[in-house]
file data16.txt (compact mmCIF, C-alpha atoms)
# COMPACT_ATOMS: atom_id res chain seq x y z
CA MET U 1 120.65 -80.89 -8.01
CA THR U 2 123.88 -81.30 -9.96
CA ASP U 3 127.05 -79.47 -8.92
CA ASN U 4 128.42 -77.87 -12.06
CA GLY U 5 130.64 -75.48 -10.12
CA HIS U 6 130.59 -72.40 -7.91
CA ILE U 7 130.06 -69.10 -9.72
CA LEU U 8 130.45 -65.68 -8.13
CA ILE U 9 128.62 -62.72 -9.71
CA VAL U 10 130.16 -59.34 -8.83
CA ASP U 11 127.81 -56.54 -9.93
CA ASP U 12 126.43 -53.55 -8.04
CA GLN U 13 123.05 -53.87 -9.80
CA ARG U 14 121.02 -56.11 -7.54
CA GLU U 15 118.46 -56.94 -10.22
CA ILE U 16 121.18 -58.31 -12.51
CA CYS U 17 122.66 -60.37 -9.68
CA ASP U 18 119.26 -61.82 -8.84
CA LEU U 19 118.37 -62.56 -12.47
CA VAL U 20 121.67 -64.27 -13.29
CA GLN U 21 121.74 -66.12 -9.97
CA GLU U 22 118.26 -67.55 -10.55
CA TYR U 23 119.05 -68.58 -14.12
CA LEU U 24 122.43 -70.20 -13.45
CA SER U 25 121.13 -71.91 -10.31
CA GLY U 26 118.45 -73.47 -12.47
CA GLU U 27 121.24 -74.82 -14.70
CA GLY U 28 122.83 -76.67 -11.79
CA TYR U 29 125.44 -74.16 -10.64
CA ARG U 30 126.03 -72.97 -7.13
CA VAL U 31 125.83 -69.17 -7.37
CA SER U 32 126.94 -66.45 -4.96
CA THR U 33 126.72 -62.70 -5.44
CA ALA U 34 128.70 -59.65 -4.37
CA GLN U 35 128.23 -55.95 -5.07
CA ASP U 36 131.80 -54.74 -4.62
CA GLY U 37 135.36 -55.90 -4.12
CA ALA U 38 135.07 -56.28 -0.36
CA GLU U 39 132.08 -58.61 -0.66
CA MET U 40 133.87 -60.53 -3.42
CA ARG U 41 136.81 -61.19 -1.10
CA ARG U 42 134.53 -62.33 1.72
CA VAL U 43 132.77 -64.85 -0.51
CA MET U 44 136.04 -66.20 -1.90
CA ALA U 45 137.54 -66.50 1.59
CA GLN U 46 134.58 -68.64 2.70
CA SER U 47 134.43 -71.09 -0.21
CA PRO U 48 136.42 -71.96 -3.38
CA VAL U 49 135.06 -70.27 -6.51
CA ASP U 50 135.42 -71.71 -10.03
CA LEU U 51 134.36 -68.66 -12.04
CA VAL U 52 133.85 -64.94 -11.40
CA ILE U 53 131.43 -62.95 -13.56
CA LEU U 54 132.77 -59.46 -13.02
CA ASP U 55 131.20 -56.11 -13.91
CA LEU U 56 133.62 -53.32 -14.80
CA MET U 57 131.54 -50.49 -13.33
CA LEU U 58 131.71 -51.02 -9.57
CA PRO U 59 131.82 -48.70 -6.58
CA GLY U 60 135.28 -48.34 -5.05
CA GLU U 61 137.65 -50.72 -6.81
CA ASP U 62 136.58 -51.09 -10.42
CA GLY U 63 136.36 -54.36 -12.28
CA LEU U 64 139.68 -53.95 -14.08
CA THR U 65 141.48 -53.53 -10.76
CA LEU U 66 139.73 -56.59 -9.33
CA ALA U 67 140.48 -58.66 -12.45
CA ARG U 68 144.17 -57.85 -12.12
CA LEU U 69 144.18 -58.74 -8.42
CA LEU U 70 142.30 -61.99 -9.03
CA ARG U 71 144.73 -63.02 -11.71
CA GLN U 72 147.73 -62.27 -9.50
CA GLU U 73 146.32 -64.49 -6.76
CA SER U 74 144.67 -67.38 -8.62
CA SER U 75 143.77 -69.00 -11.93
CA VAL U 76 140.00 -68.70 -11.32
CA GLY U 77 137.95 -68.21 -14.49
CA ILE U 78 136.95 -64.59 -15.17
CA ILE U 79 134.22 -63.33 -17.47
CA ILE U 80 133.91 -59.55 -17.72
CA LEU U 81 130.33 -58.31 -17.88
CA THR U 82 130.09 -54.64 -18.77
CA GLY U 83 127.85 -51.93 -20.07
CA ARG U 84 130.76 -49.95 -21.41
CA GLY U 85 130.74 -49.67 -25.17
CA GLU U 86 134.41 -48.91 -25.72
CA ILE U 87 136.28 -51.86 -27.20
CA VAL U 88 139.44 -50.71 -25.42
CA ASP U 89 137.91 -51.59 -22.02
CA ARG U 90 137.29 -55.14 -23.16
CA ILE U 91 140.83 -55.45 -24.51
CA ILE U 92 142.29 -54.09 -21.26
CA GLY U 93 140.17 -56.59 -19.34
CA LEU U 94 141.60 -59.45 -21.40
CA GLU U 95 145.09 -58.05 -20.90
CA MET U 96 144.45 -58.07 -17.14
CA GLY U 97 143.80 -61.81 -17.38
CA ALA U 98 140.08 -62.19 -18.01
CA ASP U 99 139.12 -65.28 -20.02
CA ASP U 100 136.17 -63.77 -21.88
CA TYR U 101 133.81 -60.81 -21.92
CA LEU U 102 130.14 -60.16 -22.60
CA PRO U 103 128.70 -56.65 -23.09
CA LYS U 104 125.40 -55.55 -21.60
CA PRO U 105 122.61 -55.97 -22.51
CA PHE U 106 123.08 -59.71 -22.89
CA HIS U 107 121.03 -62.85 -23.39
CA LEU U 108 121.11 -65.31 -20.51
CA ARG U 109 121.64 -68.21 -22.91
CA GLU U 110 124.72 -66.52 -24.34
CA LEU U 111 126.07 -65.93 -20.84
CA LEU U 112 125.49 -69.62 -20.07
CA ALA U 113 127.41 -70.57 -23.21
CA ARG U 114 130.35 -68.38 -22.11
CA VAL U 115 130.22 -69.90 -18.61
CA LYS U 116 130.30 -73.44 -19.99
CA SER U 117 133.13 -72.50 -22.32
CA VAL U 118 135.36 -71.13 -19.57
CA LEU U 119 134.63 -74.05 -17.25
CA ARG U 120 134.69 -76.70 -19.97
CA ASN U 121 138.23 -77.99 -19.50
CA SER U 122 138.77 -77.37 -15.80
CA ASP U 123 139.83 -80.38 -13.73
CA LYS U 124 136.68 -80.32 -11.65
CA HIS U 125 134.30 -80.50 -14.57
CA THR U 126 136.01 -82.91 -16.95
CA ALA U 127 138.29 -85.90 -16.71
CA PRO U 128 140.28 -86.01 -19.96
CA ALA U 129 142.59 -88.86 -20.82
CA ARG U 130 145.99 -88.09 -19.38
CA SER U 131 148.47 -86.94 -22.02
CA LYS U 132 151.46 -84.67 -22.27
CA ALA U 133 152.95 -82.66 -25.08
CA ARG U 134 156.55 -81.55 -25.58
CA PHE U 135 157.66 -78.70 -27.83
CA ALA U 136 160.86 -76.63 -28.00
CA GLY U 137 161.92 -77.91 -24.57
CA TRP U 138 158.56 -77.02 -22.99
CA ASN U 139 156.28 -79.62 -21.35
CA LEU U 140 152.50 -79.21 -21.32
CA ASP U 141 150.35 -81.59 -19.26
CA LEU U 142 146.96 -81.62 -20.97
CA SER U 143 145.33 -83.41 -18.04
CA SER U 144 146.57 -81.40 -15.06
CA ARG U 145 146.73 -78.20 -17.17
CA GLU U 146 150.31 -77.50 -16.12
CA LEU U 147 153.04 -75.94 -18.25
CA TYR U 148 156.75 -76.29 -17.50
CA SER U 149 159.52 -74.25 -19.09
CA PRO U 150 162.70 -75.83 -20.48
CA SER U 151 164.34 -75.09 -17.11
CA GLY U 152 161.63 -77.07 -15.31
CA LYS U 153 159.86 -74.05 -13.82
CA GLU U 154 156.06 -74.16 -13.74
CA VAL U 155 154.46 -71.31 -15.70
CA ARG U 156 150.91 -70.56 -14.60
CA LEU U 157 148.30 -70.21 -17.34
CA THR U 158 144.81 -68.78 -17.17
CA THR U 159 141.92 -70.87 -18.48
CA GLY U 160 141.91 -68.91 -21.73
CA GLU U 161 145.67 -69.16 -22.18
CA PHE U 162 145.67 -72.92 -21.59
CA ASP U 163 142.78 -73.53 -23.98
CA LEU U 164 144.49 -71.48 -26.68
CA LEU U 165 147.85 -73.20 -26.19
CA ALA U 166 146.14 -76.60 -26.29
CA ALA U 167 144.47 -75.60 -29.56
CA PHE U 168 147.87 -74.65 -31.01
CA VAL U 169 149.57 -77.82 -29.74
CA ASN U 170 146.83 -80.03 -31.16
CA ASN U 171 147.03 -78.25 -34.52
CA ALA U 172 150.75 -77.56 -34.81
CA ASN U 173 152.15 -76.35 -38.14
CA GLN U 174 148.68 -75.51 -39.42
CA VAL U 175 147.60 -71.99 -40.31
CA LEU U 176 144.62 -71.22 -38.07
CA THR U 177 142.32 -68.27 -38.58
CA ARG U 178 141.14 -66.23 -35.61
CA ASP U 179 137.64 -67.63 -36.05
CA ARG U 180 138.98 -71.19 -36.03
CA LEU U 181 141.08 -70.54 -32.93
CA LEU U 182 138.11 -69.02 -31.13
CA ASP U 183 136.04 -72.06 -32.04
CA LEU U 184 138.75 -74.46 -30.86
CA ALA U 185 139.57 -72.57 -27.65
CA ARG U 186 136.16 -71.13 -26.78
CA ASN U 187 133.67 -73.13 -28.85
CA ARG U 188 132.04 -69.97 -30.19
CA GLU U 189 132.14 -67.67 -33.19
CA ALA U 190 133.92 -64.33 -33.25
CA GLY U 191 131.95 -61.11 -33.19
CA PRO U 192 132.77 -58.27 -35.61
CA PHE U 193 135.05 -56.54 -33.10
CA ASP U 194 136.28 -59.59 -31.17
CA ARG U 195 139.95 -59.21 -30.15
CA THR U 196 140.00 -62.11 -27.66
CA ILE U 197 142.39 -64.28 -29.66
CA ASP U 198 144.82 -61.48 -30.50
CA VAL U 199 145.06 -60.40 -26.87
CA GLN U 200 145.55 -63.94 -25.58
CA VAL U 201 148.13 -64.71 -28.26
CA GLY U 202 150.04 -61.68 -26.98
CA ARG U 203 149.83 -62.99 -23.44
CA LEU U 204 151.02 -66.46 -24.48
CA ARG U 205 153.93 -64.97 -26.40
CA ARG U 206 155.07 -63.08 -23.32
CA LYS U 207 155.17 -66.37 -21.40
CA LEU U 208 156.65 -68.61 -24.10
CA GLU U 209 158.86 -66.53 -26.36
CA ASP U 210 162.39 -65.31 -25.66
CA ASP U 211 161.48 -62.13 -27.57
CA PRO U 212 157.69 -61.63 -27.76
CA GLN U 213 158.20 -58.87 -30.34
CA ARG U 214 159.90 -61.38 -32.67
CA PRO U 215 158.02 -64.61 -31.92
CA MET U 216 159.49 -67.87 -33.13
CA MET U 217 156.81 -70.29 -31.90
CA ILE U 218 153.48 -68.49 -32.43
CA LYS U 219 153.91 -66.70 -35.73
CA THR U 220 151.46 -64.31 -37.36
CA VAL U 221 150.26 -65.19 -40.84
CA ARG U 222 149.42 -61.79 -42.23
CA GLY U 223 145.79 -61.40 -43.23
CA THR U 224 144.90 -64.89 -42.04
CA GLY U 225 145.74 -65.77 -38.43
CA TYR U 226 148.49 -67.67 -36.64
CA ILE U 227 150.63 -70.78 -36.91
CA PHE U 228 152.32 -72.76 -34.11
CA THR U 229 155.67 -73.78 -35.59
CA PRO U 230 157.52 -76.09 -33.12
CA PRO U 231 157.38 -79.86 -33.68
CA VAL U 232 155.06 -81.35 -31.03
CA GLU U 233 155.57 -84.74 -29.41
CA VAL U 234 152.53 -86.13 -27.56
CA ILE U 235 153.31 -88.81 -24.97
call {"tool": "encode", "arguments": {"input": "data16.txt", "output": "structure tokens"}}
result
Amino acid sequence: MTDNGHILIVDDQREICDLVQEYLSGEGYRVSTAQDGAEMRRVMAQSPVDLVILDLMLPGEDGLTLARLLRQESSVGIIILTGRGEIVDRIIGLEMGADDYLPKPFHLRELLARVKSVLRNSDKHTAPARSKARFAGWNLDLSSRELYSPSGKEVRLTTGEFDLLAAFVNNANQVLTRDRLLDLARNREAGPFDRTIDVQVGRLRRKLEDDPQRPMMIKTVRGTGYIFTPPVEVI
């Protein structure tokens, strides 16, 4: 059996846990399950986890609270899995640091595609050629997935933030639509109400820009998408 990574499913519906565990295990992943925040912590204390599939509707601490705590403590991949229909919940989840979301009901093959997308560029699962990019005094290591500010301080990025920044760096000074960015960063098409790119652009701006409300590096092209304006030197 191949080791494609360790996935933790956090959902209080046992039948969903069992179904997803069986399917992803058959795809070569090591899969653990938890039904609340306490169980999630126990699993993560026992063994490193590469990706958490996290339901929003949980007993006790809800999924949004757990997503925020996970992001404060680690850069583990997070996919929100929820039955809630309100788009605002998905946007809040992305703001909390989730890398992607998938509403219930869902197809297992689509979930697998999201899992592969989030894990695609992690160090454990790929070994890209080592390269670095410099822009506006910042240094981005595309191999180790590390970002350093002009002062030399490391700035931690989530999987989604890194993939989006890498897409910008590799396509600097090009106007990129939201659909194109989602394809580059997530290898999937946008849905009719998909706000993933907009939310993650906002998160990147807060980490990169001196004034996120008046961005100088990631500029909005009204009615089209975004453009990454700094000259990029790849070494």
call {"tool": "closest_atom_pairs", "arguments": {"input": "data16.txt", "of": "range 32-141 of chain U", "to": "range 217-233 of chain U", "cutoff": "7 Å", "atoms": "only C-alpha atoms", "output": "JSON lines"}}
result
{"residue": "U:Ala133", "atom": "CA", "partner": "U:Glu233", "partner_atom": "CA", "distance": 5.5}
{"residue": "U:Arg134", "atom": "CA", "partner": "U:Glu233", "partner_atom": "CA", "distance": 5.1}
{"residue": "U:Phe135", "atom": "CA", "partner": "U:Val232", "partner_atom": "CA", "distance": 4.9}
{"residue": "U:Ala136", "atom": "CA", "partner": "U:Pro230", "partner_atom": "CA", "distance": 6.1}
call {"tool": "closest_residue", "arguments": {"input": "data16.txt", "among": "U:Val10, U:Met40, U:Leu102, U:Val234", "to": "Asn171 in chain U", "atoms": "all atoms listed in the file"}}
result
U:Val234
call {"tool": "residues_around", "arguments": {"input": "data16.txt", "residues": "Leu204 in chain U", "least_positions_apart": "6", "cutoff": "9 Å", "atoms": "all atoms listed in the file", "output": "PDB file with C-alpha atoms, in the coordinates of the input"}}
result
ATOM      1  CA  LEU U 157     148.300 -70.210 -17.340  1.00  0.00           C
ATOM      2  CA  GLU U 161     145.670 -69.160 -22.180  1.00  0.00           C
ATOM      3  CA  PHE U 162     145.670 -72.920 -21.590  1.00  0.00           C
ATOM      4  CA  LEU U 164     144.490 -71.480 -26.680  1.00  0.00           C
ATOM      5  CA  LEU U 165     147.850 -73.200 -26.190  1.00  0.00           C
ATOM      6  CA  PRO U 212     157.690 -61.630 -27.760  1.00  0.00           C
ATOM      7  CA  ILE U 218     153.480 -68.490 -32.430  1.00  0.00           C
TER       8      ILE U 218
END
call {"tool": "closest_residue", "arguments": {"input": "data16.txt", "among": "U:Leu66, U:Ala113, U:Ala45, U:Leu140", "to": "Leu24 in chain U", "atoms": "only C-alpha atoms"}}
result
U:Ala113
call {"tool": "atom_distance", "arguments": {"input": "data16.txt", "atom1": "CA of Ser47 in chain U", "atom2": "CA of Thr33 in chain U"}}
result
12.5 Å
call {"tool": "atom_distance", "arguments": {"input": "data16.txt", "atom1": "CA of Arg68 in chain U", "atom2": "CA of His107 in chain U"}}
result
26.2 Å
call {"tool": "residues_around", "arguments": {"input": "data16.txt", "residues": "Asp89 in chain U", "least_positions_apart": "3", "cutoff": "12 Å", "atoms": "all atoms listed in the file", "output": "VMD selection string"}}
result
chain U and resid 55 to 57 62 to 65 80 to 86 92 to 96 98 101 to 103 195
call {"tool": "write_last_selection", "arguments": {"input": "data16.txt", "atoms": "C-alpha atoms", "output": "PDB file, in the frame of the given file"}}
result
ATOM      1  CA  ASP U  55     131.200 -56.110 -13.910  1.00  0.00           C
ATOM      2  CA  LEU U  56     133.620 -53.320 -14.800  1.00  0.00           C
ATOM      3  CA  MET U  57     131.540 -50.490 -13.330  1.00  0.00           C
ATOM      4  CA  ASP U  62     136.580 -51.090 -10.420  1.00  0.00           C
ATOM      5  CA  GLY U  63     136.360 -54.360 -12.280  1.00  0.00           C
ATOM      6  CA  LEU U  64     139.680 -53.950 -14.080  1.00  0.00           C
ATOM      7  CA  THR U  65     141.480 -53.530 -10.760  1.00  0.00           C
ATOM      8  CA  ILE U  80     133.910 -59.550 -17.720  1.00  0.00           C
ATOM      9  CA  LEU U  81     130.330 -58.310 -17.880  1.00  0.00           C
ATOM     10  CA  THR U  82     130.090 -54.640 -18.770  1.00  0.00           C
ATOM     11  CA  GLY U  83     127.850 -51.930 -20.070  1.00  0.00           C
ATOM     12  CA  ARG U  84     130.760 -49.950 -21.410  1.00  0.00           C
ATOM     13  CA  GLY U  85     130.740 -49.670 -25.170  1.00  0.00           C
ATOM     14  CA  GLU U  86     134.410 -48.910 -25.720  1.00  0.00           C
ATOM     15  CA  ILE U  92     142.290 -54.090 -21.260  1.00  0.00           C
ATOM     16  CA  GLY U  93     140.170 -56.590 -19.340  1.00  0.00           C
ATOM     17  CA  LEU U  94     141.600 -59.450 -21.400  1.00  0.00           C
ATOM     18  CA  GLU U  95     145.090 -58.050 -20.900  1.00  0.00           C
ATOM     19  CA  MET U  96     144.450 -58.070 -17.140  1.00  0.00           C
ATOM     20  CA  ALA U  98     140.080 -62.190 -18.010  1.00  0.00           C
ATOM     21  CA  TYR U 101     133.810 -60.810 -21.920  1.00  0.00           C
ATOM     22  CA  LEU U 102     130.140 -60.160 -22.600  1.00  0.00           C
ATOM     23  CA  PRO U 103     128.700 -56.650 -23.090  1.00  0.00           C
ATOM     24  CA  ARG U 195     139.950 -59.210 -30.150  1.00  0.00           C
TER      25      ARG U 195
END
call {"tool": "residues_around", "arguments": {"input": "data16.txt", "residues": "Glu27 in chain U", "least_positions_apart": "6", "cutoff": "12 Å", "atoms": "only C-alpha atoms", "output": "count of residues only"}}
result
16
call {"tool": "atom_distance", "arguments": {"input": "data16.txt", "atom1": "CA of Ile87 in chain U", "atom2": "CA of Leu69 in chain U"}}
result
21.5 Å
call {"tool": "residues_around", "arguments": {"input": "data16.txt", "residues": "Gly60 in chain U", "least_positions_apart": "6", "cutoff": "12 Å", "atoms": "only C-alpha atoms", "output": "list in words"}}
result
Asp12, Gln35, Asp36, Gly37, Ala38, Glu39 and Leu66 of chain U
call {"tool": "closest_residue", "arguments": {"input": "data16.txt", "among": "U:Gly97, U:Pro150, U:Gly160, U:Pro105", "to": "Ser117 in chain U", "atoms": "only C-alpha atoms"}}
result
U:Gly160
